[in-house]
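> Structure supplied as work.txt; contents: compact mmCIF, C-alpha atoms.
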# COMPACT_ATOMS: atom_id res chain seq x y z
CA MET A 19 -3.93 1.79 -0.50
CA PRO A 20 -3.71 1.47 -5.24
CA SER A 21 -3.24 4.29 -7.61
CA SER A 22 -0.87 4.45 -10.54
CA SER A 23 2.00 6.82 -9.95
CA GLY A 24 3.72 6.59 -13.30
CA THR A 25 6.90 5.51 -11.52
CA GLY A 26 6.52 1.75 -11.88
CA THR A 27 5.90 1.21 -8.16
CA THR A 28 2.20 0.38 -8.22
CA LEU A 29 1.46 -3.01 -6.70
CA LYS A 30 -0.62 -4.90 -9.23
CA GLN A 31 -4.07 -5.90 -8.08
CA PRO A 32 -5.20 -9.50 -8.66
CA GLY A 33 -7.81 -9.90 -11.33
CA THR A 34 -6.60 -6.92 -13.38
CA ARG A 35 -4.67 -6.84 -16.63
CA ALA A 36 -2.75 -4.20 -18.49
CA VAL A 37 -4.55 -2.71 -21.49
CA ALA A 38 -2.65 -0.87 -24.19
CA ALA A 39 -3.88 2.70 -24.59
CA ALA A 40 -5.12 3.74 -28.00
CA GLY A 41 -3.98 6.94 -29.67
CA PRO A 42 -0.83 8.99 -29.08
CA ALA A 43 1.43 8.23 -26.16
CA ARG A 44 0.72 10.20 -23.01
CA PRO A 45 3.49 12.06 -21.23
CA THR A 46 4.88 10.30 -18.21
CA GLY A 47 4.03 11.62 -14.76
CA ARG A 48 0.51 12.04 -13.47
CA PRO A 49 -1.83 9.19 -14.51
CA PRO A 50 -4.74 9.88 -16.90
CA LEU A 51 -7.97 11.25 -15.46
CA THR A 52 -9.82 7.97 -16.02
CA GLU A 53 -7.18 6.11 -14.00
CA ARG A 54 -7.42 8.66 -11.20
CA ARG A 55 -11.19 8.25 -11.16
CA LYS A 56 -10.84 4.49 -11.00
CA ALA A 57 -8.36 4.81 -8.13
CA ALA A 58 -10.76 7.14 -6.31
CA THR A 59 -13.59 4.64 -6.78
CA ARG A 60 -11.46 1.77 -5.50
CA LEU A 61 -10.52 3.80 -2.44
CA GLU A 62 -14.14 4.73 -1.75
CA ILE A 63 -15.10 1.05 -1.97
CA ALA A 64 -12.26 0.21 0.44
CA HIS A 65 -13.50 2.74 2.99
CA GLU A 66 -17.04 1.37 2.85
CA ALA A 67 -15.78 -2.21 3.10
CA VAL A 68 -13.73 -1.39 6.20
CA ARG A 69 -16.71 0.34 7.81
CA LEU A 70 -19.02 -2.61 7.18
CA PHE A 71 -16.44 -5.19 8.20
CA GLY A 72 -15.90 -3.32 11.45
CA GLU A 73 -19.63 -3.11 12.16
CA ARG A 74 -20.68 -6.62 11.08
CA GLY A 75 -17.57 -8.71 10.54
CA VAL A 76 -16.42 -10.07 7.21
CA ALA A 77 -18.63 -13.18 7.23
CA ALA A 78 -21.81 -11.15 7.74
CA THR A 79 -20.94 -8.63 5.01
CA SER A 80 -21.60 -9.44 1.37
CA GLY A 81 -20.18 -7.92 -1.76
CA GLU A 82 -23.66 -6.63 -2.49
CA ASP A 83 -23.66 -4.81 0.88
CA ILE A 84 -20.37 -3.12 0.03
CA ALA A 85 -21.57 -2.15 -3.44
CA ARG A 86 -24.76 -0.66 -2.04
CA ALA A 87 -22.85 1.36 0.54
CA ALA A 88 -20.47 2.64 -2.14
CA GLY A 89 -23.33 3.60 -4.45
CA ILE A 90 -22.37 1.21 -7.25
CA SER A 91 -23.77 -1.99 -8.69
CA PRO A 92 -22.46 -5.40 -7.60
CA ARG A 93 -21.35 -5.96 -11.18
CA THR A 94 -19.19 -2.83 -11.00
CA LEU A 95 -17.75 -3.94 -7.66
CA TRP A 96 -16.67 -7.29 -9.08
CA ARG A 97 -15.01 -5.54 -12.01
CA TYR A 98 -12.76 -3.78 -9.52
CA PHE A 99 -12.18 -6.62 -7.05
CA PRO A 100 -12.26 -10.43 -7.31
CA SER A 101 -13.57 -10.91 -3.74
CA LYS A 102 -15.06 -8.87 -0.91
CA GLU A 103 -11.86 -9.24 1.12
CA GLU A 104 -9.84 -7.77 -1.76
CA CYS A 105 -11.90 -4.59 -1.50
CA VAL A 106 -9.57 -3.37 1.26
CA ARG A 107 -6.40 -3.71 -0.86
CA PRO A 108 -6.19 -0.01 -1.85
CA LEU A 109 -5.89 1.06 1.79
CA LEU A 110 -3.30 -1.60 2.57
CA ALA A 111 -1.15 -0.97 -0.51
CA ALA A 112 -1.01 2.83 -0.49
CA GLY A 113 1.62 3.15 2.22
CA LEU A 114 3.96 0.70 0.51
CA GLU A 115 3.56 2.48 -2.79
CA THR A 116 4.41 5.82 -1.18
CA VAL A 117 7.56 4.40 0.42
CA ALA A 118 8.59 2.75 -2.85
CA ARG A 119 8.22 6.02 -4.76
CA ARG A 120 10.26 7.91 -2.19
CA LEU A 121 13.05 5.34 -2.13
CA ARG A 122 13.15 5.09 -5.92
CA ASP A 123 13.49 8.87 -6.22
CA TRP A 124 16.09 9.25 -3.47
CA PRO A 125 19.51 10.35 -4.87
CA ALA A 126 21.87 7.43 -5.42
CA ASP A 127 24.75 9.27 -3.74
CA ARG A 128 22.88 9.58 -0.46
CA SER A 129 22.01 6.69 1.86
CA PHE A 130 18.47 5.56 2.51
CA CYS A 131 18.96 6.44 6.16
CA ASP A 132 19.61 10.08 5.24
CA GLY A 133 16.37 10.23 3.31
CA ILE A 134 14.43 8.47 6.01
CA GLN A 135 15.90 10.62 8.74
CA TRP A 136 15.25 14.00 7.19
CA ASP A 137 13.27 14.03 3.98
CA LEU A 138 10.24 11.78 4.25
CA PRO A 139 7.34 14.18 3.64
CA PRO A 140 4.49 14.60 6.14
CA ALA A 141 1.47 12.43 5.42
CA ALA A 142 -0.89 14.08 2.98
CA ASP A 143 -3.79 11.69 3.44
CA PRO A 144 -6.87 13.10 5.19
CA PRO A 145 -7.40 11.97 8.80
CA GLU A 146 -10.21 9.62 7.78
CA ALA A 147 -7.77 7.63 5.62
CA ALA A 148 -5.45 7.04 8.58
CA SER A 149 -8.42 6.16 10.78
CA ALA A 150 -9.73 3.65 8.24
CA LEU A 151 -6.31 2.06 7.84
CA ARG A 152 -5.87 1.79 11.58
CA ALA A 153 -9.31 0.19 11.98
CA LEU A 154 -8.56 -2.22 9.14
CA ILE A 155 -5.22 -3.36 10.52
CA ARG A 156 -6.85 -3.91 13.91
CA LEU A 157 -9.31 -6.31 12.24
CA LEU A 158 -6.57 -8.48 10.73
CA PRO A 159 -5.87 -10.86 13.65
CA GLY A 160 -9.50 -12.00 13.81
CA GLU A 161 -10.22 -12.04 10.07
CA PRO A 162 -8.07 -14.57 8.17
CA GLY A 163 -9.37 -13.43 4.78
CA LEU A 164 -8.29 -9.84 5.38
CA ARG A 165 -4.96 -10.92 6.81
CA ALA A 166 -4.33 -12.97 3.69
CA VAL A 167 -4.80 -9.81 1.61
CA TRP A 168 -2.40 -7.91 3.92
CA LEU A 169 0.27 -10.56 3.55
CA GLN A 170 -0.26 -10.75 -0.21
CA VAL A 171 0.14 -6.98 -0.54
CA HIS A 172 3.49 -7.21 1.22
CA HIS A 173 4.48 -10.23 -0.86
CA ASP A 174 3.71 -8.24 -4.01
CA ALA A 175 5.88 -5.38 -2.72
CA GLU A 176 9.03 -7.48 -2.32
CA PRO A 177 10.02 -7.50 -6.02
CA VAL A 178 9.53 -3.72 -6.10
CA PHE A 179 11.87 -3.18 -3.16
CA THR A 180 14.30 -5.74 -4.57
CA GLU A 181 14.51 -3.84 -7.85
CA ILE A 182 15.07 -0.52 -6.05
CA ILE A 183 17.83 -1.94 -3.84
CA ALA A 184 19.49 -3.74 -6.75
CA ALA A 185 19.49 -0.56 -8.84
CA ARG A 186 21.15 1.40 -6.03
CA THR A 187 23.79 -1.21 -5.29
CA GLY A 188 24.50 -2.36 -8.85
CA ALA A 189 23.44 -5.90 -8.01
CA ASP A 190 21.40 -8.25 -10.13
CA PRO A 191 17.76 -8.25 -8.89
CA THR A 192 17.86 -12.06 -8.95
CA ASP A 193 20.83 -12.18 -6.56
CA LEU A 194 20.21 -13.34 -3.02
CA LEU A 195 21.46 -10.23 -1.20
CA PRO A 196 19.08 -7.59 -2.62
CA ARG A 197 16.20 -10.00 -2.17
CA ILE A 198 17.09 -10.55 1.49
CA LYS A 199 17.46 -6.80 2.07
CA ALA A 200 14.06 -6.26 0.43
CA VAL A 201 12.46 -8.84 2.71
CA MET A 202 13.97 -7.13 5.76
CA LEU A 203 12.75 -3.73 4.63
CA ASN A 204 9.31 -5.03 3.75
CA GLY A 205 8.93 -6.93 7.01
CA ALA A 206 9.92 -3.88 9.03
CA LEU A 207 7.25 -1.83 7.28
CA ARG A 208 4.59 -4.45 8.01
CA VAL A 209 5.50 -4.69 11.69
CA ALA A 210 5.63 -0.89 11.99
CA ALA A 211 2.13 -0.52 10.56
CA GLU A 212 0.78 -3.20 12.89
CA GLU A 213 2.46 -1.64 15.92
CA TRP A 214 1.10 1.79 15.03
CA ALA A 215 -2.43 0.44 14.61
CA GLN A 216 -2.44 -1.58 17.82
CA ARG A 217 -0.54 0.72 20.17
CA SER A 218 -0.68 4.30 18.97
CA ALA A 219 -3.22 6.52 20.65
CA GLU A 220 -3.27 8.68 17.53
CA ALA A 221 -5.03 7.57 14.36
CA ASP A 222 -3.46 10.30 12.26
CA GLY A 223 -1.13 10.28 9.30
CA ALA A 224 1.73 11.90 11.20
CA ALA A 225 1.84 9.03 13.71
CA ALA A 226 1.80 6.50 10.89
CA ALA A 227 4.57 8.33 9.05
CA GLU A 228 6.73 8.37 12.18
CA ALA A 229 6.16 4.64 12.74
CA LEU A 230 7.21 3.94 9.16
CA ARG A 231 10.25 6.19 9.51
CA GLN A 232 11.40 4.33 12.60
CA ALA A 233 10.86 0.99 10.88
CA LEU A 234 12.88 2.06 7.85
CA LEU A 235 15.72 3.29 10.06
CA LYS A 236 15.87 -0.06 11.85
CA ALA A 237 15.53 -2.07 8.63
CA THR A 238 18.31 -0.18 6.82
CA GLU A 239 20.68 0.09 9.75
CA GLY A 240 23.94 -1.47 8.66
CA LEU A 241 22.72 -2.14 5.13
CA ALA A 242 24.68 -0.60 2.29
CA ILE A 243 21.70 0.88 0.47
Transcribe the structure of this file into structure tokens.

Amino acid sequence: MPSSSGTGTTLKQPGTRAVAAAGPARPTGRPPLTERRKAATRLEIAHEAVRLFGERGVAATSGEDIARAAGISPRTLWRYFPSKEECVRPLLAAGLETVARRLRDWPADRSFCDGIQWDLPPAADPPEAASALRALIRLLPGEPGLRAVWLQVHHDAEPVFTEIIAARTGADPTDLLPRIKAVMLNGALRVAAEEWAQRSAEADGAAAAEALRQALLKATEGLAI
């Protein structure tokens, strides 16, 4: 999975646009209740989409099927997502958003490896979230449409990681080095998630968190970030 964190790390979903809020400015931090409800709805849709895709395949599942399973109208579904494949984006983006928030908040005087080694928090997602993500990633090789969403989610994450790395190193975000480091970090996260889904006997959040931790350690080894 995406939910707004108030930290500037949310990966923007295609087909959406920013809308200026009316009235007095809200304090930064936790997103407004309406945004949390929207995020919860998107995640519920994602879970139902994964279940139906696993049972029937993507080609045999319609947007109307997903809407019915999620208890919403097709019109509401298309307001949230531009295609049935995009319905899974919240599950795919959530892990990247969590990592981005942690790395953005990590003290500048301590290396990423220190934070990865000791301070990444245990996964807070319920077991069904990890199970759904694992099932979804396992579908990717045989479903080009879903894999395209997976790759797009990671592509969208690269500027976020580039900005974080540039801020820590004092580099310009448009410079080549922070962009290359961001690609390495992002690629390691993608491979780690795929390895966890395909090889791990445990479909729980702790196993996913450990896979991500190992990927981050490998990706940041020798990098001055």
> Quick one: residues within 12 Å of Glu104 in chain A, all atoms listed in the file counted, chain neighbours fewer than 4 positions away excluded, as a ChimeraX atom specification?
/A:19-20,31-33,60-61,63-64,67-68,76,81,84,95-100,108-111,163-171
> I'd like to know which of A:Leu195, A:Leu235, A:Ala189, A:Ala150 is closest to Ala215 in chain A, using only C-alpha atoms.
A:Ala150
> Counting only C-alpha atoms, figure out which residue out of A:Ala85, A:Ser101, A:Arg186, A:Ala78 gets nearest to Ser129 in chain A.
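Result for the nearest residue to Ser129 in chain A: A:Arg186.
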> What does the distance from CA of Asn204 in chain A to CA of His172 in chain A come to in Å, to one decimal?
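CA of Asn204 in chain A sits 6.7 Å away from CA of His172 in chain A.
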> Measure the distance from CA of Ala148 in chain A to CA of Leu207 in chain A in Å and round it to one decimal.
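About the pair CA of Ala148 in chain A and CA of Leu207 in chain A: they are 15.5 Å apart.
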> First collect every listed atom of range 95-113 of chain A; then fit an axis-aligned box around them, widen it by 5 Å on each side, and give centre and edge lengths in Å to one decimal, as JSON.

{"center_x": -8.1, "center_y": -3.9, "center_z": -4.7, "size_x": 29.4, "size_y": 24.1, "size_z": 24.6}
> What does the distance between CA of Arg156 in chain A and CA of Pro92 in chain A come to in Å, to one decimal place?
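One can read the CA of Arg156 in chain A to CA of Pro92 in chain A distance as 26.6 Å.
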> My list of candidates is A:Leu70, A:Lys56, A:Ala77, A:Ala112. Which is closest to Gly160 in chain A when distances are computed with all atoms listed in the file?
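With all atoms listed in the file as the atom set, the closest residue is A:Ala77.
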> Ranking A:Pro177, A:Gly205, A:Lys102, A:Ala147 by minimum distance to Thr192 in chain A and counting all atoms listed in the file, which one comes first?
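The answer is A:Pro177, which sits nearest to Thr192 in chain A.
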> Between A:Glu212, A:Pro125, A:Arg120, A:Arg107, single out the one closest to Leu158 in chain A, counting all atoms listed in the file.
A:Glu212
> I want to know what sits within 10 Å of Gln216 in chain A, based on only C-alpha atoms, with residues of the same chain fewer than 2 positions away left out; could you give that as a ChimeraX atom specification?
/A:152-153,155-156,210-214,218-219
